[in-house]
$ cat input.txt   # compact mmCIF, C-alpha atoms
# COMPACT_ATOMS: atom_id res chain seq x y z
CA MET A 23 2.27 -31.40 132.08
CA LYS A 24 3.83 -34.16 129.98
CA PHE A 25 3.95 -36.71 132.77
CA GLU A 26 1.40 -37.93 135.27
CA ASN A 27 3.81 -38.73 138.07
CA TYR A 28 7.56 -39.07 138.60
CA MET A 29 10.27 -39.93 141.08
CA ILE A 30 14.03 -39.40 141.20
CA LEU A 31 16.51 -41.36 143.30
CA ASP A 32 20.25 -40.96 143.83
CA PHE A 33 22.17 -43.80 145.41
CA PRO A 34 25.79 -45.03 145.58
CA SER A 35 26.94 -47.87 143.33
CA LYS A 36 26.85 -50.54 146.04
CA SER A 37 25.69 -53.94 144.88
CA THR A 38 23.13 -54.12 147.71
CA ASN A 39 21.33 -51.27 145.90
CA GLU A 40 20.51 -53.53 142.92
CA ALA A 41 17.67 -55.09 144.90
CA PHE A 42 16.67 -51.68 146.30
CA ALA A 43 16.51 -50.05 142.84
CA ARG A 44 14.36 -52.72 141.19
CA SER A 45 12.04 -52.85 144.21
CA ALA A 46 11.70 -49.05 144.26
CA VAL A 47 10.73 -49.00 140.57
CA ALA A 48 8.28 -51.87 141.10
CA CYS A 49 6.65 -49.98 144.01
CA PHE A 50 6.39 -46.82 141.90
CA ALA A 51 4.95 -48.75 138.94
CA ALA A 52 2.34 -50.43 141.16
CA GLN A 53 0.02 -47.42 140.73
CA MET A 54 -0.24 -48.34 137.03
CA ASP A 55 -1.77 -51.69 138.01
CA PRO A 56 0.75 -53.79 136.07
CA THR A 57 0.42 -57.54 135.61
CA LEU A 58 2.87 -59.77 137.46
CA GLU A 59 4.64 -60.48 134.19
CA GLU A 60 5.03 -56.77 133.38
CA LEU A 61 6.36 -56.13 136.86
CA GLY A 62 8.84 -59.01 136.48
CA ASP A 63 10.06 -57.62 133.15
CA ILE A 64 10.51 -54.10 134.57
CA ARG A 65 12.36 -55.36 137.67
CA THR A 66 14.67 -57.45 135.48
CA ALA A 67 15.49 -54.57 133.11
CA VAL A 68 16.19 -52.17 136.00
CA SER A 69 18.37 -54.76 137.71
CA GLU A 70 20.43 -55.15 134.51
CA ALA A 71 20.93 -51.41 134.02
CA VAL A 72 21.86 -50.74 137.65
CA THR A 73 24.23 -53.73 137.70
CA ASN A 74 25.98 -52.30 134.62
CA CYS A 75 26.60 -49.03 136.51
CA ILE A 76 27.99 -50.92 139.50
CA VAL A 77 30.19 -53.36 137.55
CA HIS A 78 31.27 -51.26 134.57
CA ALA A 79 30.68 -47.52 135.11
CA TYR A 80 32.37 -47.41 138.51
CA PRO A 81 34.75 -50.40 138.52
CA ASP A 82 37.15 -49.17 141.20
CA ALA A 83 35.26 -46.75 143.40
CA LEU A 84 31.73 -45.90 144.46
CA GLY A 85 29.89 -43.41 142.29
CA ILE A 86 26.39 -42.01 142.12
CA ILE A 87 23.62 -43.65 140.15
CA THR A 88 20.58 -41.55 139.30
CA LEU A 89 17.30 -43.29 138.65
CA ARG A 90 14.34 -41.38 137.26
CA CYS A 91 10.91 -42.90 136.64
CA ARG A 92 8.00 -41.17 135.01
CA ILE A 93 4.50 -42.22 134.14
CA LEU A 94 3.66 -40.82 130.72
CA LYS A 95 0.27 -40.67 129.09
CA ASP A 96 -0.96 -43.80 127.30
CA HIS A 97 0.13 -45.92 130.27
CA ILE A 98 3.85 -45.74 129.55
CA LEU A 99 6.48 -46.21 132.24
CA ASP A 100 9.61 -44.22 131.35
CA ILE A 101 12.86 -45.06 133.15
CA VAL A 102 16.25 -43.34 132.97
CA ILE A 103 19.30 -44.80 134.72
CA LYS A 104 22.32 -42.53 134.60
CA ASP A 105 25.89 -42.65 135.86
CA ARG A 106 28.90 -40.36 135.63
CA GLY A 107 31.35 -43.22 135.24
CA VAL A 108 33.81 -44.45 132.62
CA GLY A 109 31.36 -44.54 129.71
CA ILE A 110 31.14 -47.03 126.85
CA THR A 111 33.51 -46.65 123.87
CA ASP A 112 31.50 -48.83 121.52
CA VAL A 113 27.80 -49.06 122.42
CA GLU A 114 26.94 -51.37 119.51
CA GLN A 115 29.59 -53.86 120.64
CA ALA A 116 28.41 -53.63 124.27
CA LYS A 117 24.87 -54.48 123.15
CA LYS A 118 25.93 -57.72 121.45
CA PRO A 119 24.74 -60.88 123.22
CA MET A 120 27.48 -62.62 125.24
CA PHE A 121 29.83 -59.62 124.92
CA THR A 122 31.19 -58.62 128.31
CA THR A 123 34.27 -57.00 129.77
CA GLY A 124 33.13 -58.17 133.20
CA GLY A 125 34.80 -61.59 133.46
CA ALA A 126 33.50 -65.12 134.08
CA ASP A 127 30.82 -64.16 136.57
CA ARG A 128 29.06 -61.93 134.03
CA SER A 129 27.00 -63.33 131.14
CA GLY A 130 27.07 -60.41 128.70
CA MET A 131 23.29 -60.60 128.34
CA GLY A 132 22.29 -57.39 130.15
CA PHE A 133 21.44 -55.18 127.17
CA THR A 134 19.85 -58.12 125.31
CA ILE A 135 17.49 -58.65 128.22
CA MET A 136 16.71 -54.93 128.61
CA GLU A 137 15.96 -54.79 124.89
CA SER A 138 13.68 -57.82 124.85
CA PHE A 139 11.84 -57.03 128.10
CA MET A 140 11.13 -53.34 127.42
CA THR A 141 9.25 -51.58 124.61
CA SER A 142 12.19 -49.32 123.79
CA LEU A 143 15.83 -48.92 124.84
CA THR A 144 18.18 -46.03 124.06
CA ILE A 145 21.76 -45.91 125.28
CA THR A 146 23.82 -42.74 125.11
CA SER A 147 27.37 -42.78 126.40
CA GLU A 148 30.49 -40.70 126.33
CA PRO A 149 33.83 -42.19 127.43
CA GLY A 150 34.99 -40.50 130.62
CA LYS A 151 31.66 -38.75 131.14
CA GLY A 152 29.13 -41.51 131.78
CA THR A 153 26.21 -43.45 130.39
CA ARG A 154 22.48 -42.88 130.19
CA VAL A 155 20.11 -45.78 129.68
CA HIS A 156 16.61 -44.75 128.70
CA MET A 157 13.91 -47.44 128.68
CA ARG A 158 10.19 -47.35 128.13
CA ARG A 159 7.55 -49.95 128.75
CA LYS A 160 3.99 -49.62 127.56
CA LEU A 161 1.71 -51.38 130.00
CA GLN A 162 -1.57 -53.10 129.17
CA ARG A 163 -4.69 -51.51 130.52
CA ARG A 164 -6.57 -54.08 132.51
CA LYS A 165 -10.29 -54.15 132.02
CA MET B 3 25.75 -67.81 151.27
CA GLN B 4 22.67 -69.65 152.48
CA PHE B 5 21.54 -72.61 150.47
CA THR B 6 21.19 -76.33 150.88
CA SER B 7 22.57 -79.07 148.73
CA PHE B 8 22.57 -82.83 148.93
CA LEU B 9 24.28 -85.71 147.22
CA GLN B 10 22.55 -88.98 146.48
CA ASP B 11 23.57 -91.75 144.08
CA GLY B 12 25.96 -89.47 142.21
CA ARG B 13 23.35 -86.74 141.84
CA LEU B 14 24.15 -83.39 143.43
CA THR B 15 21.10 -81.18 144.01
CA VAL B 16 21.66 -77.52 144.83
CA ALA B 17 18.62 -75.58 146.03
CA LEU B 18 18.93 -71.90 145.13
CA THR B 19 16.83 -69.41 147.07
CA GLY B 20 15.49 -65.87 146.94
CA GLU B 21 16.71 -63.29 144.45
CA ILE B 22 19.71 -64.04 142.22
CA ASP B 23 21.42 -60.85 141.08
CA HIS B 24 25.01 -59.68 140.66
CA HIS B 25 25.21 -59.03 144.41
CA ARG B 26 24.62 -62.71 145.17
CA ALA B 27 25.81 -64.48 142.01
CA LYS B 28 29.52 -64.56 142.81
CA GLY B 29 28.89 -66.44 146.05
CA TYR B 30 26.72 -68.96 144.25
CA ILE B 31 29.26 -69.47 141.47
CA GLN B 32 32.10 -70.09 143.93
CA SER B 33 30.09 -72.43 146.17
CA ILE B 34 28.61 -74.46 143.31
CA THR B 35 32.01 -74.82 141.60
CA ALA B 36 33.57 -75.95 144.90
CA LYS B 37 30.80 -78.51 145.49
CA ILE B 38 31.03 -79.95 141.99
CA GLU B 39 34.81 -80.24 142.29
CA ALA B 40 34.56 -81.85 145.72
CA TYR B 41 31.82 -84.41 144.93
CA THR B 42 32.35 -84.94 141.15
CA PRO B 43 28.69 -85.93 140.64
CA ASN B 44 27.36 -87.55 137.44
CA ILE B 45 24.44 -85.16 137.46
CA CYS B 46 24.11 -81.71 139.03
CA VAL B 47 20.60 -80.34 139.49
CA LEU B 48 20.12 -76.63 140.13
CA ASP B 49 16.74 -76.35 141.79
CA PHE B 50 15.08 -72.95 141.20
CA GLN B 51 11.88 -73.71 143.10
CA GLU B 52 12.60 -71.13 145.83
CA VAL B 53 14.02 -68.49 143.46
CA THR B 54 11.72 -65.46 143.44
CA PHE B 55 13.71 -63.29 141.02
CA MET B 56 16.66 -63.69 138.69
CA ASP B 57 18.46 -61.34 136.28
CA SER B 58 21.25 -62.16 133.80
CA SER B 59 23.57 -62.89 136.75
CA GLY B 60 21.66 -66.18 137.05
CA ILE B 61 22.71 -67.04 133.50
CA ALA B 62 26.35 -66.70 134.58
CA VAL B 63 25.64 -69.04 137.52
CA VAL B 64 24.25 -71.65 135.11
CA ILE B 65 27.05 -71.23 132.55
CA ASN B 66 29.71 -71.65 135.24
CA ALA B 67 27.98 -74.76 136.62
CA MET B 68 27.73 -76.11 133.07
CA ARG B 69 31.48 -75.55 132.54
CA SER B 70 32.31 -77.34 135.80
CA MET B 71 30.07 -80.30 134.89
CA THR B 72 31.49 -80.50 131.34
CA ARG B 73 35.02 -80.67 132.82
CA ILE B 74 34.10 -83.83 134.75
CA GLU B 75 31.97 -85.16 131.87
CA GLY B 76 28.78 -84.85 133.90
CA LYS B 77 25.39 -83.41 133.11
CA LEU B 78 23.62 -80.30 134.36
CA LEU B 79 19.86 -80.07 134.87
CA LEU B 80 17.70 -77.13 135.88
CA SER B 81 14.45 -77.73 137.72
CA GLY B 82 11.54 -75.93 139.35
CA LEU B 83 11.78 -72.75 137.27
CA GLY B 84 9.17 -70.07 137.82
CA SER B 85 7.96 -67.91 134.95
CA GLN B 86 10.28 -64.91 135.61
CA PRO B 87 13.57 -66.89 135.67
CA MET B 88 12.32 -68.96 132.73
CA LYS B 89 11.75 -65.80 130.68
CA VAL B 90 15.32 -64.65 131.38
CA PHE B 91 16.68 -68.05 130.28
CA ARG B 92 14.58 -67.97 127.10
CA ALA B 93 15.70 -64.41 126.22
CA SER B 94 19.31 -65.55 126.55
CA GLY B 95 18.94 -68.80 124.61
CA ILE B 96 20.38 -70.80 127.54
CA ASP B 97 17.23 -72.94 127.55
CA LYS B 98 18.58 -74.50 124.34
CA LEU B 99 21.96 -75.40 125.87
CA VAL B 100 20.87 -76.98 129.11
CA GLU B 101 18.15 -79.46 130.01
CA ILE B 102 15.27 -77.98 131.99
CA LYS B 103 13.11 -80.33 134.01
CA GLU B 104 10.13 -79.99 136.25
CA ALA B 105 10.78 -80.00 139.98
CA VAL B 106 12.73 -83.06 141.07
CA LEU B 107 11.36 -84.39 144.33

$ encode --input "input.txt" --output "structure tokens"
Amino acid sequence: MKFENYMILDFPSKSTNEAFARSAVACFAAQMDPTLEELGDIRTAVSEAVTNCIVHAYPDALGIITLRCRILKDHILDIVIKDRGVGITDVEQAKKPMFTTGGADRSGMGFTIMESFMTSLTITSEPGKGTRVHMRRKLQRRK
Amino acid sequence: MQFTSFLQDGRLTVALTGEIDHHRAKGYIQSITAKIEAYTPNICVLDFQEVTFMDSSGIAVVINAMRSMTRIEGKLLLSGLGSQPMKVFRASGIDKLVEIKEAVL
């Protein structure tokens, strides 16, 4: 078995689920005995990815967001957040700091924060099909 | 939108609370903009003391408040930041654009 534990959640793209998603991941990660800072980083990154699905992937209607978390060996938390929404035409442009198509109430810092708070970030997207955000965070082992 | 604010000697203090994410940011942006336009303070302080979590939506709240204050030639201050919101501000570089102070009592 490649993973030690996992969980999968499906939920609609309602903005109230932003808080639910980051809390669910934090509860799941608790078994890895993370520090408060690690937990804060993970919650922030999940919040960014889920918000992207709600704001950008499904701009006009509710869609399904799938969240998968796995604990891999070497104390790695592996998170996939997937939608079947509009997709991203230019991923490199979307990743640029301050770039947003979301208007004045969005900062365009989502991917920058995911990138700086997690150990790795991979985005795969196909216009019209959806987007998959894959993040990993290696946690410190506390003595 | 539940939050308190008070005006004293041209200084408008807005106390933000709880978790600031996309779900709550729009309400904050609208209320803060309306307050700044109504009171035209010299200084606006966003107090983060009671903020337990913030994602990049909080950056948009600060940028919008900064725009409103610049329009009336006033100044924006942030105070009472915990380590999680502070880390988000640092990652975004906003900490270089706006003055961050310790809690204003």

$ closest_residue --input "input.txt" --among "B:Ile61, B:Met68, B:Leu9, B:Leu18" --to "Ala40 (chain B)" --atoms "only C-alpha atoms"
B:Leu9

$ interface_residues --input "input.txt" --of "chain B" --to "chain A" --cutoff "8 Å" --atoms "all atoms listed in the file" --output "ChimeraX atom specification"
/B:23-25,27-28,31,55-59,61-63,66,86,90,93-94

$ residues_around --input "input.txt" --residues "Val102 (chain A)" --least-positions-apart "5" --cutoff "7 Å" --atoms "all atoms listed in the file" --output "list in words"
Leu89, Arg90, Cys91, Arg154, Val155, His156 and Met157 of chain A

$ residues_near_point --input "input.txt" --point "(16.3, -76.4, 141.7)" --cutoff "8 Å" --atoms "only C-alpha atoms" --output "NGL selection string"
:B and (15-18 or 47-52 or 80-83 or 105-106)

$ closest_residue --input "input.txt" --among "B:Pro43, B:Lys89, B:Gly84, B:Val100" --to "Val64 (chain B)" --atoms "all atoms listed in the file"
B:Val100

$ residues_around --input "input.txt" --residues "Ser70 (chain B)" --least-positions-apart "5" --cutoff "9 Å" --atoms "all atoms listed in the file" --output "list in words"
Ile34, Thr35, Ile38, Glu39, Ile65, Glu75 and Gly76 of chain B

$ write_last_selection --input "input.txt" --atoms "C-alpha atoms" --output "mmCIF file, keeping the file's coordinate frame"
data_model
loop_
_atom_site.group_PDB
_atom_site.id
_atom_site.type_symbol
_atom_site.label_atom_id
_atom_site.label_comp_id
_atom_site.auth_asym_id
_atom_site.auth_seq_id
_atom_site.Cartn_x
_atom_site.Cartn_y
_atom_site.Cartn_z
ATOM 1 C CA ILE B 34 28.610 -74.460 143.310
ATOM 2 C CA THR B 35 32.010 -74.820 141.600
ATOM 3 C CA ILE B 38 31.030 -79.950 141.990
ATOM 4 C CA GLU B 39 34.810 -80.240 142.290
ATOM 5 C CA ILE B 65 27.050 -71.230 132.550
ATOM 6 C CA GLU B 75 31.970 -85.160 131.870
ATOM 7 C CA GLY B 76 28.780 -84.850 133.900
#

$ residues_around --input "input.txt" --residues "Asp11 (chain B)" --least-positions-apart "2" --cutoff "12 Å" --atoms "only C-alpha atoms" --output "short mmCIF file (atom, residue, chain, number, x, y, z; two decimals) with C-alpha atoms, in the coordinates of the input"
data_model
loop_
_atom_site.label_atom_id
_atom_site.label_comp_id
_atom_site.auth_asym_id
_atom_site.auth_seq_id
_atom_site.Cartn_x
_atom_site.Cartn_y
_atom_site.Cartn_z
CA PHE B 8 22.57 -82.83 148.93
CA LEU B 9 24.28 -85.71 147.22
CA ARG B 13 23.35 -86.74 141.84
CA LEU B 14 24.15 -83.39 143.43
CA THR B 15 21.10 -81.18 144.01
CA TYR B 41 31.82 -84.41 144.93
CA THR B 42 32.35 -84.94 141.15
CA PRO B 43 28.69 -85.93 140.64
CA ASN B 44 27.36 -87.55 137.44
CA ILE B 45 24.44 -85.16 137.46
CA CYS B 46 24.11 -81.71 139.03
#

$ closest_residue --input "input.txt" --among "A:Ala83, A:Ala52, A:Cys75, A:Leu143" --to "Ile101 (chain A)" --atoms "only C-alpha atoms"
A:Leu143

$ atom_distance --input "input.txt" --atom1 "CA of Asp105 (chain A)" --atom2 "CA of Val47 (chain A)"
17.1 Å

$ atom_distance --input "input.txt" --atom1 "CA of Lys95 (chain A)" --atom2 "CA of Gln53 (chain A)"
13.5 Å

$ atom_distance --input "input.txt" --atom1 "CA of His97 (chain A)" --atom2 "CA of Asp32 (chain A)"
24.8 Å

$ closest_residue --input "input.txt" --among "A:Gln162, A:Asn27, A:Thr141, A:Ser35" --to "Tyr80 (chain A)" --atoms "all atoms listed in the file"
A:Ser35

$ residues_around --input "input.txt" --residues "Gly150 (chain A)" --least-positions-apart "4" --cutoff "8 Å" --atoms "all atoms listed in the file" --output "tab-separated table (two decimals) with C-alpha atoms, in the coordinates of the input"
chain	number	residue	atom	x	y	z
A	106	ARG	CA	28.90	-40.36	135.63
A	107	GLY	CA	31.35	-43.22	135.24
A	108	VAL	CA	33.81	-44.45	132.62
A	109	GLY	CA	31.36	-44.54	129.71
